[in-house]
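K.L.:
mmCIF, C-alpha atoms and all ligand atoms, saved as run38.cif, coming up:
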```cif
data_model
#
loop_
_atom_site.group_PDB
_atom_site.id
_atom_site.type_symbol
_atom_site.label_atom_id
_atom_site.label_comp_id
_atom_site.auth_asym_id
_atom_site.auth_seq_id
_atom_site.Cartn_x
_atom_site.Cartn_y
_atom_site.Cartn_z
ATOM 1 C CA MET A 1 74.828 91.666 107.057
ATOM 2 C CA GLN A 2 71.244 92.485 107.927
ATOM 3 C CA LEU A 3 68.233 92.429 105.615
ATOM 4 C CA PHE A 4 65.439 94.970 106.160
ATOM 5 C CA ARG A 5 62.096 94.722 104.396
ATOM 6 C CA THR A 6 60.299 97.568 106.134
ATOM 7 C CA VAL A 7 60.791 101.282 106.524
ATOM 8 C CA LYS A 8 60.413 100.912 110.290
ATOM 9 C CA ASP A 9 63.235 98.360 110.588
ATOM 10 C CA LEU A 10 65.560 100.462 108.462
ATOM 11 C CA LYS A 11 64.751 103.584 110.497
ATOM 12 C CA ASP A 12 65.521 101.748 113.759
ATOM 13 C CA PHE A 13 68.849 100.581 112.364
ATOM 14 C CA VAL A 14 69.765 104.074 111.137
ATOM 15 C CA ARG A 15 68.770 105.665 114.451
ATOM 16 C CA THR A 16 71.134 103.343 116.332
ATOM 17 C CA ALA A 17 73.982 103.867 113.866
ATOM 18 C CA LYS A 18 73.624 107.655 114.137
ATOM 19 C CA LYS A 19 73.515 107.496 117.944
ATOM 20 C CA GLU A 20 76.795 105.587 117.832
ATOM 21 C CA GLY A 21 78.290 108.363 115.703
ATOM 22 C CA LYS A 22 78.741 106.149 112.641
ATOM 23 C CA THR A 23 78.978 107.519 109.123
ATOM 24 C CA ILE A 24 76.527 106.041 106.620
ATOM 25 C CA GLY A 25 77.080 105.275 102.940
ATOM 26 C CA LEU A 26 74.074 104.482 100.732
ATOM 27 C CA VAL A 27 74.212 102.521 97.475
ATOM 28 C CA PRO A 28 70.857 102.771 95.686
ATOM 29 C CA THR A 29 70.230 99.913 93.244
ATOM 30 C CA MET A 30 67.424 98.066 91.541
ATOM 31 C CA GLY A 31 69.033 94.736 92.416
ATOM 32 C CA ALA A 32 70.311 91.967 90.132
ATOM 33 C CA LEU A 33 73.670 93.022 91.485
ATOM 34 C CA HIS A 34 76.795 92.696 89.357
ATOM 35 C CA GLU A 35 80.394 93.923 89.591
ATOM 36 C CA GLY A 36 79.342 97.467 88.711
ATOM 37 C CA HIS A 37 77.196 97.579 91.840
ATOM 38 C CA ALA A 38 79.908 95.785 93.835
ATOM 39 C CA SER A 39 82.382 98.538 92.921
ATOM 40 C CA LEU A 40 80.009 101.128 94.412
ATOM 41 C CA ILE A 41 79.553 99.054 97.580
ATOM 42 C CA LYS A 42 83.322 98.615 97.946
ATOM 43 C CA ALA A 43 83.878 102.357 97.555
ATOM 44 C CA ALA A 44 81.175 103.026 100.160
ATOM 45 C CA ALA A 45 82.717 100.498 102.569
ATOM 46 C CA LYS A 46 86.076 102.267 102.304
ATOM 47 C CA GLU A 47 84.623 105.665 103.130
ATOM 48 C CA ASN A 48 81.895 104.926 105.703
ATOM 49 C CA ASP A 49 81.343 102.940 108.900
ATOM 50 C CA VAL A 50 78.019 101.572 107.693
ATOM 51 C CA VAL A 51 76.937 100.709 104.137
ATOM 52 C CA ILE A 52 73.254 100.369 103.244
ATOM 53 C CA VAL A 53 72.444 98.900 99.829
ATOM 54 C CA SER A 54 68.899 99.477 98.645
ATOM 55 C CA ASP A 55 67.499 96.792 96.373
ATOM 56 C CA PHE A 56 64.238 98.051 94.942
ATOM 57 C CA VAL A 57 62.840 97.930 91.418
ATOM 58 C CA ASN A 58 61.231 101.338 91.554
ATOM 59 C CA PRO A 59 57.896 101.294 89.695
ATOM 60 C CA THR A 60 57.594 105.072 89.345
ATOM 61 C CA GLN A 61 60.609 105.387 87.049
ATOM 62 C CA PHE A 62 59.257 102.937 84.445
ATOM 63 C CA GLY A 63 56.948 104.033 81.645
ATOM 64 C CA PRO A 64 53.826 101.964 80.893
ATOM 65 C CA SER A 65 55.456 100.088 78.003
ATOM 66 C CA GLU A 66 58.797 99.530 79.745
ATOM 67 C CA ASP A 67 60.244 96.445 81.426
ATOM 68 C CA TYR A 68 59.080 96.854 85.049
ATOM 69 C CA ASP A 69 57.540 93.354 85.198
ATOM 70 C CA ALA A 70 60.402 91.664 83.350
ATOM 71 C CA TYR A 71 63.180 93.408 85.309
ATOM 72 C CA PRO A 72 65.325 90.694 87.019
ATOM 73 C CA ARG A 73 64.667 90.193 90.746
ATOM 74 C CA LYS A 74 67.296 88.134 92.593
ATOM 75 C CA LEU A 75 67.332 89.088 96.262
ATOM 76 C CA ALA A 76 68.994 85.882 97.549
ATOM 77 C CA ALA A 77 71.936 86.243 95.142
ATOM 78 C CA ASP A 78 72.071 90.010 95.784
ATOM 79 C CA GLU A 79 72.514 89.435 99.514
ATOM 80 C CA LYS A 80 75.664 87.411 98.803
ATOM 81 C CA VAL A 81 77.134 89.980 96.402
ATOM 82 C CA ALA A 82 76.365 92.876 98.757
ATOM 83 C CA GLU A 83 77.841 91.141 101.782
ATOM 84 C CA ALA A 84 81.008 90.084 99.926
ATOM 85 C CA ALA A 85 81.513 93.681 98.767
ATOM 86 C CA GLY A 86 81.265 95.007 102.320
ATOM 87 C CA ALA A 87 77.627 96.024 102.851
ATOM 88 C CA THR A 88 76.335 96.225 106.416
ATOM 89 C CA ALA A 89 72.660 96.117 105.488
ATOM 90 C CA ILE A 90 70.423 95.574 102.499
ATOM 91 C CA PHE A 91 67.062 97.305 102.268
ATOM 92 C CA ALA A 92 64.585 95.505 100.019
ATOM 93 C CA PRO A 93 61.142 97.031 100.552
ATOM 94 C CA SER A 94 57.903 96.271 98.723
ATOM 95 C CA PRO A 95 56.371 98.979 96.514
ATOM 96 C CA ALA A 96 53.663 99.446 99.177
ATOM 97 C CA GLU A 97 56.325 100.189 101.817
ATOM 98 C CA MET A 98 57.947 102.820 99.636
ATOM 99 C CA TYR A 99 54.714 104.294 98.300
ATOM 100 C CA PRO A 100 52.193 104.037 101.153
ATOM 101 C CA HIS A 101 49.722 106.572 99.720
ATOM 102 C CA LYS A 102 47.853 106.541 96.449
ATOM 103 C CA ASP A 103 48.158 110.326 96.287
ATOM 104 C CA MET A 104 51.846 110.712 95.634
ATOM 105 C CA THR A 105 54.333 113.342 96.721
ATOM 106 C CA TRP A 106 56.686 113.857 93.805
ATOM 107 C CA VAL A 107 60.155 115.330 93.599
ATOM 108 C CA GLU A 108 60.767 116.632 90.102
ATOM 109 C CA VAL A 109 63.848 118.292 88.677
ATOM 110 C CA THR A 110 62.624 120.501 85.850
ATOM 111 C CA GLY A 111 64.495 121.994 82.907
ATOM 112 C CA ASN A 112 66.317 120.489 79.971
ATOM 113 C CA ILE A 113 68.378 118.054 81.966
ATOM 114 C CA THR A 114 65.338 115.794 82.493
ATOM 115 C CA LYS A 115 63.880 116.339 79.008
ATOM 116 C CA VAL A 116 66.808 115.563 76.713
ATOM 117 C CA LEU A 117 68.748 112.329 76.118
ATOM 118 C CA CYS A 118 66.988 109.545 78.087
ATOM 119 C CA GLY A 119 64.256 112.051 79.053
ATOM 120 C CA ARG A 120 63.004 112.198 75.444
ATOM 121 C CA THR A 121 61.916 108.570 75.365
ATOM 122 C CA ARG A 122 61.432 108.212 79.148
ATOM 123 C CA PRO A 123 59.448 111.354 80.052
ATOM 124 C CA ILE A 124 58.500 110.309 83.611
ATOM 125 C CA HIS A 125 61.713 108.456 84.385
ATOM 126 C CA PHE A 126 63.703 111.112 86.241
ATOM 127 C CA ARG A 127 60.732 112.193 88.345
ATOM 128 C CA GLY A 128 60.567 108.595 89.607
ATOM 129 C CA VAL A 129 64.326 108.477 90.207
ATOM 130 C CA ALA A 130 64.361 111.830 92.053
ATOM 131 C CA THR A 131 61.364 110.823 94.177
ATOM 132 C CA VAL A 132 62.709 107.420 95.194
ATOM 133 C CA CYS A 133 66.215 108.774 95.846
ATOM 134 C CA THR A 134 64.766 111.486 98.095
ATOM 135 C CA LYS A 135 62.954 108.777 100.062
ATOM 136 C CA LEU A 136 66.136 106.686 100.260
ATOM 137 C CA PHE A 137 68.300 109.648 101.293
ATOM 138 C CA ASN A 138 65.799 110.559 104.029
ATOM 139 C CA LEU A 139 65.398 107.000 105.300
ATOM 140 C CA SER A 140 69.111 106.198 105.339
ATOM 141 C CA GLN A 141 70.290 109.645 106.501
ATOM 142 C CA ALA A 142 73.329 108.859 104.405
ATOM 143 C CA ASP A 143 76.424 111.027 104.626
ATOM 144 C CA ARG A 144 77.395 109.835 101.151
ATOM 145 C CA ALA A 145 75.471 108.165 98.318
ATOM 146 C CA TYR A 146 77.178 106.215 95.540
ATOM 147 C CA PHE A 147 76.149 106.190 91.876
ATOM 148 C CA GLY A 148 77.717 104.887 88.676
ATOM 149 C CA LEU A 149 78.721 107.144 85.812
ATOM 150 C CA LYS A 150 77.083 104.645 83.454
ATOM 151 C CA ASP A 151 73.837 106.474 84.251
ATOM 152 C CA ALA A 152 75.481 109.846 83.646
ATOM 153 C CA GLN A 153 72.304 111.858 83.145
ATOM 154 C CA GLN A 154 70.887 110.424 86.374
ATOM 155 C CA THR A 155 73.955 111.646 88.288
ATOM 156 C CA GLU A 156 73.488 115.156 86.932
ATOM 157 C CA VAL A 157 69.746 115.184 87.757
ATOM 158 C CA LEU A 158 70.487 114.047 91.313
ATOM 159 C CA ARG A 159 73.307 116.556 91.727
ATOM 160 C CA ARG A 160 70.864 119.353 90.874
ATOM 161 C CA MET A 161 68.215 117.938 93.208
ATOM 162 C CA VAL A 162 70.648 117.721 96.130
ATOM 163 C CA GLU A 163 71.825 121.277 95.459
ATOM 164 C CA ASP A 164 68.369 122.762 94.984
ATOM 165 C CA LEU A 165 66.845 121.091 98.045
ATOM 166 C CA PHE A 166 69.917 121.611 100.270
ATOM 167 C CA MET A 167 70.109 117.886 100.993
ATOM 168 C CA ASN A 168 72.782 116.795 103.444
ATOM 169 C CA VAL A 169 74.259 114.043 101.331
ATOM 170 C CA GLU A 170 77.457 113.977 99.308
ATOM 171 C CA LEU A 171 77.109 112.299 95.924
ATOM 172 C CA ARG A 172 80.017 110.081 94.960
ATOM 173 C CA ILE A 173 80.154 109.186 91.268
ATOM 174 C CA MET A 174 82.104 106.066 90.314
ATOM 175 C CA PRO A 175 83.544 104.927 86.946
ATOM 176 C CA ILE A 176 81.873 102.383 84.660
ATOM 177 C CA VAL A 177 82.804 98.737 85.245
ATOM 178 C CA ARG A 178 82.978 96.715 82.010
ATOM 179 C CA GLU A 179 83.069 93.090 80.902
ATOM 180 C CA SER A 180 86.499 92.015 79.635
ATOM 181 C CA ASP A 181 85.331 92.580 76.041
ATOM 182 C CA GLY A 182 84.233 96.156 76.797
ATOM 183 C CA LEU A 183 80.457 95.833 77.282
ATOM 184 C CA ALA A 184 79.352 97.997 80.226
ATOM 185 C CA LYS A 185 77.978 95.785 82.979
ATOM 186 C CA SER A 186 74.220 96.197 83.280
ATOM 187 C CA SER A 187 71.396 94.247 84.827
ATOM 188 C CA ARG A 188 69.665 94.457 81.456
ATOM 189 C CA ASN A 189 72.470 92.568 79.653
ATOM 190 C CA VAL A 190 70.702 89.319 80.612
ATOM 191 C CA TYR A 191 67.939 90.196 78.122
ATOM 192 C CA LEU A 192 70.374 90.032 75.182
ATOM 193 C CA SER A 193 70.439 87.007 72.878
ATOM 194 C CA PRO A 194 73.983 85.748 72.086
ATOM 195 C CA GLU A 195 73.842 87.612 68.737
ATOM 196 C CA GLU A 196 72.628 90.832 70.354
ATOM 197 C CA ARG A 197 75.278 90.509 73.067
ATOM 198 C CA LYS A 198 77.939 90.349 70.354
ATOM 199 C CA ALA A 199 76.390 93.223 68.407
ATOM 200 C CA ALA A 200 76.264 95.382 71.552
ATOM 201 C CA LEU A 201 80.068 95.535 71.608
ATOM 202 C CA ILE A 202 79.744 98.249 68.981
ATOM 203 C CA LEU A 203 78.884 100.683 71.805
ATOM 204 C CA SER A 204 82.133 100.487 73.755
ATOM 205 C CA ARG A 205 84.142 100.106 70.540
ATOM 206 C CA SER A 206 82.722 103.221 68.892
ATOM 207 C CA LEU A 207 83.078 105.246 72.119
ATOM 208 C CA LYS A 208 86.700 104.145 72.422
ATOM 209 C CA HIS A 209 87.344 105.325 68.862
ATOM 210 C CA ALA A 210 85.762 108.698 69.689
ATOM 211 C CA LYS A 211 88.033 109.012 72.694
ATOM 212 C CA GLU A 212 91.005 108.314 70.450
ATOM 213 C CA ALA A 213 89.831 110.968 67.981
ATOM 214 C CA PHE A 214 89.398 113.474 70.842
ATOM 215 C CA ALA A 215 92.876 112.623 72.164
ATOM 216 C CA ALA A 216 94.248 113.192 68.661
ATOM 217 C CA GLY A 217 92.804 116.726 68.730
ATOM 218 C CA GLU A 218 89.286 116.457 67.267
ATOM 219 C CA ARG A 219 87.156 119.156 68.954
ATOM 220 C CA ASP A 220 84.242 119.461 66.509
ATOM 221 C CA PRO A 221 81.266 118.030 68.471
ATOM 222 C CA ARG A 222 79.348 117.293 65.260
ATOM 223 C CA LYS A 223 82.220 115.242 63.858
ATOM 224 C CA LEU A 224 82.625 113.260 67.082
ATOM 225 C CA VAL A 225 78.910 112.488 67.242
ATOM 226 C CA ASP A 226 78.719 111.663 63.532
ATOM 227 C CA GLN A 227 81.707 109.330 63.828
ATOM 228 C CA VAL A 228 80.086 107.340 66.659
ATOM 229 C CA THR A 229 76.674 107.347 64.938
ATOM 230 C CA ALA A 230 78.175 106.047 61.677
ATOM 231 C CA GLU A 231 80.133 103.318 63.455
ATOM 232 C CA ILE A 232 77.114 102.110 65.453
ATOM 233 C CA ARG A 233 75.058 102.037 62.232
ATOM 234 C CA THR A 234 77.535 99.553 60.727
ATOM 235 C CA GLU A 235 76.012 97.047 63.157
ATOM 236 C CA PRO A 236 72.730 95.927 61.544
ATOM 237 C CA MET A 237 71.141 94.835 64.851
ATOM 238 C CA SER A 238 71.515 98.305 66.383
ATOM 239 C CA ASN A 239 68.732 100.869 66.593
ATOM 240 C CA ILE A 240 70.022 104.240 67.819
ATOM 241 C CA ASP A 241 68.014 106.243 70.343
ATOM 242 C CA TYR A 242 70.655 108.963 70.765
ATOM 243 C CA VAL A 243 74.333 109.772 70.444
ATOM 244 C CA GLU A 244 75.132 113.010 72.274
ATOM 245 C CA LEU A 245 77.837 115.024 73.952
ATOM 246 C CA TYR A 246 77.557 116.460 77.425
ATOM 247 C CA GLY A 247 79.595 119.386 78.624
ATOM 248 C CA MET A 248 80.694 120.650 75.214
ATOM 249 C CA PRO A 249 78.911 123.567 73.592
ATOM 250 C CA GLY A 250 77.362 123.281 70.165
ATOM 251 C CA LEU A 251 75.256 120.168 70.000
ATOM 252 C CA THR A 252 73.100 119.529 72.988
ATOM 253 C CA GLU A 253 70.754 121.600 75.106
ATOM 254 C CA VAL A 254 72.372 120.083 78.191
ATOM 255 C CA THR A 255 74.747 122.795 79.209
ATOM 256 C CA GLY A 256 77.655 122.368 81.531
ATOM 257 C CA PRO A 257 79.772 119.337 82.157
ATOM 258 C CA ILE A 258 78.650 116.385 84.255
ATOM 259 C CA ASP A 259 80.703 116.351 87.400
ATOM 260 C CA GLY A 260 83.267 118.477 85.573
ATOM 261 C CA ARG A 261 83.513 116.069 82.662
ATOM 262 C CA VAL A 262 82.956 116.105 78.928
ATOM 263 C CA LEU A 263 81.120 112.912 78.032
ATOM 264 C CA LEU A 264 79.935 111.244 74.869
ATOM 265 C CA ALA A 265 76.805 109.245 75.679
ATOM 266 C CA VAL A 266 74.755 106.748 73.682
ATOM 267 C CA ALA A 267 71.478 104.878 74.056
ATOM 268 C CA VAL A 268 70.908 102.085 71.563
ATOM 269 C CA LYS A 269 68.382 99.286 71.251
ATOM 270 C CA PHE A 270 69.322 95.731 70.347
ATOM 271 C CA GLY A 271 66.044 93.921 69.748
ATOM 272 C CA THR A 272 63.845 95.068 72.613
ATOM 273 C CA THR A 273 66.768 95.768 74.970
ATOM 274 C CA ARG A 274 67.824 99.376 75.364
ATOM 275 C CA LEU A 275 71.417 99.852 76.539
ATOM 276 C CA ILE A 276 73.219 103.018 77.559
ATOM 277 C CA ASP A 277 76.941 103.715 77.670
ATOM 278 C CA ASN A 278 79.281 106.677 77.664
ATOM 279 C CA VAL A 279 82.924 107.661 77.628
ATOM 280 C CA VAL A 280 84.676 110.504 79.419
ATOM 281 C CA LEU A 281 86.516 112.577 76.819
ATOM 282 C CA GLU A 282 87.855 115.122 79.271
ATOM 283 C CA GLY A 283 87.777 115.722 82.986
HETATM 284 N N1 LIG B 301 78.733 98.915 84.895
HETATM 285 C C1 LIG B 301 78.562 99.733 85.921
HETATM 286 N N2 LIG B 301 79.610 100.376 86.467
HETATM 287 C C2 LIG B 301 79.435 101.225 87.506
HETATM 288 N N3 LIG B 301 78.244 101.507 88.059
HETATM 289 C C3 LIG B 301 77.175 100.886 87.550
HETATM 290 C C4 LIG B 301 77.271 99.980 86.461
HETATM 291 N N4 LIG B 301 76.036 99.521 86.175
HETATM 292 C C5 LIG B 301 75.203 100.118 87.037
HETATM 293 N N5 LIG B 301 75.866 100.939 87.862
HETATM 294 C C6 LIG B 301 75.305 101.815 88.876
HETATM 295 O O1 LIG B 301 74.625 101.072 89.837
HETATM 296 C C7 LIG B 301 73.548 101.827 90.344
HETATM 297 C C8 LIG B 301 72.313 101.018 90.287
HETATM 298 O O2 LIG B 301 72.002 100.779 88.926
HETATM 299 P P1 LIG B 301 70.943 99.719 88.441
HETATM 300 O O3 LIG B 301 70.497 98.887 89.593
HETATM 301 O O4 LIG B 301 69.937 100.341 87.585
HETATM 302 O O5 LIG B 301 71.866 98.747 87.587
HETATM 303 P P2 LIG B 301 72.074 98.664 86.069
HETATM 304 O O6 LIG B 301 72.919 97.501 85.809
HETATM 305 O O7 LIG B 301 72.469 100.016 85.570
HETATM 306 O O8 LIG B 301 70.669 98.316 85.571
HETATM 307 P P3 LIG B 301 69.984 98.808 84.253
HETATM 308 O O9 LIG B 301 70.573 98.036 83.172
HETATM 309 O O10 LIG B 301 68.582 98.555 84.563
HETATM 310 O O11 LIG B 301 70.227 100.308 84.123
HETATM 311 C C9 LIG B 301 73.463 103.097 89.493
HETATM 312 O O12 LIG B 301 74.093 104.155 90.169
HETATM 313 C C10 LIG B 301 74.240 102.700 88.273
HETATM 314 O O13 LIG B 301 74.818 103.804 87.600
HETATM 315 C C1 LIG B 302 69.116 105.208 91.443
HETATM 316 C C2 LIG B 302 68.089 104.101 91.260
HETATM 317 C C3 LIG B 302 68.404 102.930 92.182
HETATM 318 C C4 LIG B 302 66.725 104.647 91.666
HETATM 319 O O1 LIG B 302 65.743 103.671 91.551
HETATM 320 C C5 LIG B 302 68.054 103.632 89.798
HETATM 321 O O2 LIG B 302 67.676 104.664 88.946
HETATM 322 C C6 LIG B 302 69.320 102.991 89.353
HETATM 323 O O3 LIG B 302 69.434 101.815 89.617
HETATM 324 O O4 LIG B 302 70.178 103.652 88.741
HETATM 325 N N1 LIG B 303 69.982 102.462 86.015
HETATM 326 C C1 LIG B 303 68.801 103.212 85.612
HETATM 327 C C2 LIG B 303 67.565 102.526 85.973
HETATM 328 C C3 LIG B 303 66.574 102.473 84.876
HETATM 329 O O1 LIG B 303 66.959 102.334 83.718
HETATM 330 O O2 LIG B 303 65.375 102.555 85.149
#
```
Could you quickly redo this structure as structure tokens?
Ligand SMILES: Nc1ncnc2c1ncn2[C@@H]1O[C@H](COP(=O)(O)OP(=O)(O)OP(=O)(O)O)[C@@H](O)[C@H]1O
Ligand SMILES: CC(C)(CO)[C@@H](O)C(=O)[O-]
Ligand code: BAL

P.N.:
Amino acid sequence: MQLFRTVKDLKDFVRTAKKEGKTIGLVPTMGALHEGHASLIKAAAKENDVVIVSDFVNPTQFGPSEDYDAYPRKLAADEKVAEAAGATAIFAPSPAEMYPHKDMTWVEVTGNITKVLCGRTRPIHFRGVATVCTKLFNLSQADRAYFGLKDAQQTEVLRRMVEDLFMNVELRIMPIVRESDGLAKSSRNVYLSPEERKAALILSRSLKHAKEAFAAGERDPRKLVDQVTAEIRTEPMSNIDYVELYGMPGLTEVTGPIDGRVLLAVAVKFGTTRLIDNVVLEG
């Protein structure tokens, strides 16, 4: 597996791969790779000749009081995980490589999809994600790009961007990988104290109960949301940011399903760590 630190080196690699008629899969990440990322890399390796993993903590998607500085950076370990999962190359640029000019060119998806849910507390977040993903799609010339459904709103924002800008990349959305006790794998889990880690299990547990209620016939969005909210509140260490449904009329301004799915999504803080999770109810 090759490591590229510069835009030029990545471009040279991509040019050669394209000349050889190879298909390219891109897995955008912020590093600190875990089994969730590995599942995306494995899927990409199955479907493409070449797999490029980007490993870049993107400054433009963090708000001023967020965890950009604290975010874990582990390139040496990431190289091992990426290679074992089947990556051909890892692209780990500096912020100056990715953002060479002070005067920025932004890509911004407007409308409710970027303003609700995570957009309420992270108002500049999706502009940073859309901008960096556009750069990564252009640099990698990927045929397919792989994202996790854990960041469900992100997948919907990117789907709209790709559609609106006629980008030549197919988005492949993969299921959430969990710890054996149910906690969704996340690079931010390392911030949790042992007590917070235990408390955080309320997310997957309450979502599982909502799925059971939906399977038993519950179709009132308010009741499903209230059920999850009430269960999360039984955990004293939790501090709810949102509990919302996607793709079901009645409760949220986000219209339309995500990738054809009805999802119940949550964002909850445990201490200073904000975790997100969701469950597919239908689709
Ligand atoms: N548990 C998981 N299962 C499947 N995909 C995942 C999982 N965790 C992250 N991903 C996906 O990996 C990609 C890169 O995510 P990122 O590097 O931000 O990791 P993360 O663990 O989600 O970190 P963070 O906790 O900061 O959100 C995204 O498409 C994300 O949805
Ligand atoms: C897609 C992404 C790598 C863009 O920085 C990031 O938002 C993430 O890790 O989900
Ligand atoms: N996985 C989303 C990256 C972020 O929270 O900034």

K.L.:
Expand the PyMOL selection byres (((not hetatm)) within 8 of (chain B and resi 303)) into the individual residues it matches in the shown file, reporting them as number ranges by chain.

P.N.:
A: 29-30, 58, 61-62, 125, 129, 150-151, 154

K.L.:
For the file shown, report as a ChimeraX atom specification the outcome of the PyMOL selection byres (((not hetatm)) within 10 of (chain B and resi 302)) at residue level.

P.N.:
/A:27-33,37,53-62,125-126,128-134,136,145-152,154-155,158,186-187

K.L.:
What does the distance from CA of Pro175 in chain A to CA of Lys208 in chain A come to in Å, to one decimal?

P.N.:
14.9 Å

K.L.:
I want to know what sits within 12 Å of Ile276 in chain A, based on only C-alpha atoms, with residues of the same chain fewer than 2 positions away left out; could you give that as a VMD selection string?

P.N.:
chain A and resid 117 to 118 149 to 154 176 183 to 189 200 to 204 207 240 to 244 264 to 270 273 to 274 278 to 279

K.L.:
List the spatial neighbours of range 13-24 of chain A as a PDB file with C-alpha atoms, keeping the file's coordinate frame - criterion: any atom at most 6 Å away, all atoms listed in the file, same-chain residues fewer than 2 positions off excluded.

P.N.:
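Output file selection.pdb is given in full below:
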```
ATOM      1  CA  LEU A  10      65.560 100.462 108.462  1.00  0.00           C
ATOM      2  CA  LYS A  11      64.751 103.584 110.497  1.00  0.00           C
ATOM      3  CA  ASN A  48      81.895 104.926 105.703  1.00  0.00           C
ATOM      4  CA  ASP A  49      81.343 102.940 108.900  1.00  0.00           C
ATOM      5  CA  VAL A  50      78.019 101.572 107.693  1.00  0.00           C
ATOM      6  CA  VAL A  51      76.937 100.709 104.137  1.00  0.00           C
ATOM      7  CA  ALA A 142      73.329 108.859 104.405  1.00  0.00           C
ATOM      8  CA  ASP A 143      76.424 111.027 104.626  1.00  0.00           C
TER       9      ASP A 143
END
```

K.L.:
Point out the residue among A:Leu40, A:Ala89, A:Ile124, A:Leu275 with the least atom-to-atom distance to Gln2 in chain A, counting only C-alpha atoms.

P.N.:
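Checking each of A:Leu40, A:Ala89, A:Ile124, A:Leu275 against Gln2 in chain A, counting only C-alpha atoms, the winner is A:Ala89.
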
K.L.:
For CA of Phe137 in chain A and CA of Ala45 in chain A, quote the distance in Å rounded to one decimal.

P.N.:
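Between these atoms lies a distance of 17.1 Å.
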
K.L.:
Could you give me, as JSON, numbers by chain, the residues that have an atom at most 7 Å away from the point (83.3, 110.9, 84.3) in the coordinates of the file, using only C-alpha atoms?

P.N.:
{"A": [149, 175, 259, 261, 263, 280, 283]}

K.L.:
Assuming 3 Å of padding per side, give the centre and edge lengths of the axis-aligned box around every listed atom of ligand LIG 301 (chain B), in Å to one decimal and as lines of an AutoDock Vina configuration file.

P.N.:
```
center_x = 74.1
center_y = 100.8
center_z = 86.8
size_x = 17.0
size_y = 12.7
size_z = 13.2
```

K.L.:
I'd like the neighbourhood of Glu212 in chain A as a PyMOL selection string, where a residue qualifies if any of its atoms comes within 12 Å (using all atoms listed in the file), though same-chain residues fewer than 3 positions away should be ignored.

P.N.:
chain A and resi 205-209+215-219+224+227-228+279-282

K.L.:
Could you state the separation of CA of Asp78 in chain A and CA of Thr121 in chain A in Å, given to one decimal place?

P.N.:
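It comes out at 29.4 Å.
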
K.L.:
When you count all atoms listed in the file, which of these residues is closest to ligand LIG 301 (chain B): A:Ser180, A:Ser238, A:Ser140, A:Ser193?

P.N.:
A:Ser180
